[in-house]
Amino acid sequence: MLALTSASLSFNAPVAPVLASSRVADVSMFQGLRRSAPKAKTAKKAAPTPKGRAPPKRTTFLDVTGKPYKEVNTFIPAYDEIGVVPPIGRWDPLQIREQGPDRYRRFVEMEIKHGRMAMAAFLGVITTYSGMRWPGYLSTSENIKFSDIPGGAIASWAALPTSAWLQIVIFISALEVYCLKQDPEKAPGDVVPEGWFWARYPDGYEVWLGDGSTQTIGEEDLFLGKTWKLNAERNNGRAAMMGITGMVIHEALTGNPVFPIGESL
């Protein structure tokens, strides 16, 4: 009897764990296994600064407006600086502004400079093509008068002697390098030295009215304010760049820079 009891216990002993595990498996098949909640990640502590060394300083770049540089979406219209005007706003398909404030300022300076040169070139073609010329000789050695120079940009370039073009290049280079060099501490386009005859339209300047009184003009005033005038210069420069480019193309195709107006204005 004792032997049978011990035998039955030894036979039934391993059955309980198997039934328990199978029951757990069956329940978990319907309820799903519960996973423990993930442990929250702790922020890594910054490495201590070595003794004797100061922590690195963050560099604050300044925008062309003198304000702290901010990353912006170049495809969302915003009117927060000179040259960014309605209806287009900030149009920067090449994303030059996202390449950093230094490179962006360089392109702003070049746009202003090219706009001023284009305005002079456009008016030069209109003036000379209408028949207005300086009196006298352009070159006494080659017997060339100002009246002999054609009005078109390409034709006048071909009519000038090589020495005349060399003088023009040297003169403009001297202005670029010495006289009208851009100071990085000043606003883009402010290249005229102090003391020269140059209108900067500061905030709060006064104008004389017809009745003898004066009026103080603020920076944001329409037509007379500095902001409006700088925006007008930028837009006129852009239009002049398109204008002189069109004149060169028309003259190359038809021989007439003001096509289809006629051979003379």
# chains A, B, ... in the order shown; residues from 1 in each chain; ligands from 1
$ select_by_dssp --residues "range 48-249 of chain A" --states "alpha helix (DSSP H)" --output "ChimeraX atom specification"
/A:101-129,153-159,162-174,226-249
$ write_last_selection --atoms "C-alpha atoms" --output "tab-separated table (two decimals), in the first residue's frame"
chain	number	residue	atom	x	y	z
A	101	PRO	CA	23.72	85.54	-42.75
A	102	ASP	CA	27.15	86.29	-44.23
A	103	ARG	CA	26.35	84.78	-47.62
A	104	TYR	CA	22.87	86.31	-47.62
A	105	ARG	CA	24.25	89.79	-46.90
A	106	ARG	CA	26.76	89.37	-49.73
A	107	PHE	CA	23.94	88.68	-52.19
A	108	VAL	CA	21.97	91.67	-50.89
A	109	GLU	CA	24.99	93.92	-51.49
A	110	MET	CA	25.44	92.56	-55.00
A	111	GLU	CA	21.76	93.06	-55.81
A	112	ILE	CA	21.92	96.71	-54.75
A	113	LYS	CA	25.12	97.29	-56.69
A	114	HIS	CA	23.89	95.60	-59.86
A	115	GLY	CA	20.61	97.48	-59.60
A	116	ARG	CA	22.38	100.84	-59.47
A	117	MET	CA	24.61	99.95	-62.43
A	118	ALA	CA	21.58	98.72	-64.38
A	119	MET	CA	19.66	101.95	-63.69
A	120	ALA	CA	22.62	103.97	-65.02
A	121	ALA	CA	22.93	101.70	-68.06
A	122	PHE	CA	19.22	101.82	-68.88
A	123	LEU	CA	19.09	105.61	-68.65
A	124	GLY	CA	22.31	105.80	-70.66
A	125	VAL	CA	20.79	103.88	-73.54
A	126	ILE	CA	17.57	105.91	-73.45
A	127	THR	CA	19.48	109.20	-73.33
A	128	THR	CA	22.04	108.50	-76.04
A	129	TYR	CA	19.58	106.67	-78.30
A	153	ALA	CA	24.73	99.02	-75.58
A	154	ILE	CA	26.35	96.55	-78.00
A	155	ALA	CA	26.98	99.11	-80.75
A	156	SER	CA	28.59	101.60	-78.37
A	157	TRP	CA	30.78	98.84	-76.93
A	158	ALA	CA	32.00	97.99	-80.45
A	159	ALA	CA	32.57	101.64	-81.39
A	162	THR	CA	40.16	99.50	-76.51
A	163	SER	CA	41.99	102.18	-74.53
A	164	ALA	CA	38.67	103.85	-73.67
A	165	TRP	CA	37.25	100.61	-72.27
A	166	LEU	CA	40.43	100.05	-70.30
A	167	GLN	CA	40.04	103.49	-68.70
A	168	ILE	CA	36.42	102.70	-67.80
A	169	VAL	CA	37.42	99.40	-66.17
A	170	ILE	CA	40.21	101.04	-64.16
A	171	PHE	CA	37.92	103.85	-63.01
A	172	ILE	CA	35.15	101.51	-61.83
A	173	SER	CA	37.66	99.22	-60.13
A	174	ALA	CA	39.12	102.16	-58.20
A	226	LYS	CA	13.73	106.19	-45.44
A	227	THR	CA	12.09	102.77	-45.65
A	228	TRP	CA	9.93	103.72	-48.61
A	229	LYS	CA	12.86	105.26	-50.49
A	230	LEU	CA	15.11	102.24	-49.94
A	231	ASN	CA	12.35	99.91	-51.14
A	232	ALA	CA	11.82	102.14	-54.18
A	233	GLU	CA	15.55	102.00	-54.99
A	234	ARG	CA	15.58	98.22	-54.70
A	235	ASN	CA	12.51	97.78	-56.93
A	236	ASN	CA	13.77	100.28	-59.51
A	237	GLY	CA	17.09	98.44	-59.61
A	238	ARG	CA	15.35	95.13	-60.23
A	239	ALA	CA	13.26	96.64	-62.99
A	240	ALA	CA	16.35	98.24	-64.55
A	241	MET	CA	18.20	94.90	-64.57
A	242	MET	CA	15.32	93.39	-66.50
A	243	GLY	CA	15.19	96.47	-68.74
A	244	ILE	CA	18.86	96.56	-69.75
A	245	THR	CA	18.86	92.80	-70.28
A	246	GLY	CA	15.89	93.18	-72.63
A	247	MET	CA	17.63	96.02	-74.47
A	248	VAL	CA	20.75	93.93	-75.05
A	249	ILE	CA	18.65	91.00	-76.32
$ select_by_dssp --residues "range 90-162 of chain A" --states "strand (DSSP E)" --output "PyMOL selection string"
chain A and resi 137-139+144-145
$ residues_around --residues "Tyr137 in chain A" --least-positions-apart "5" --cutoff "10 Å" --atoms "only C-alpha atoms" --output "number ranges by chain"
A: 142-148
$ write_last_selection --atoms "C-alpha atoms" --output "compact mmCIF listing (two decimals), in the first residue's frame"
# COMPACT_ATOMS: atom_id res chain seq x y z
CA GLU A 142 41.54 108.64 -83.14
CA ASN A 143 39.32 111.59 -84.15
CA ILE A 144 36.17 110.16 -82.52
CA LYS A 145 33.44 112.56 -81.38
CA PHE A 146 30.75 111.79 -78.80
CA SER A 147 28.18 112.29 -81.54
CA ASP A 148 29.78 109.41 -83.47
$ atom_distance --atom1 "CA of Lys186 in chain A" --atom2 "CA of Leu224 in chain A"
21.5 Å
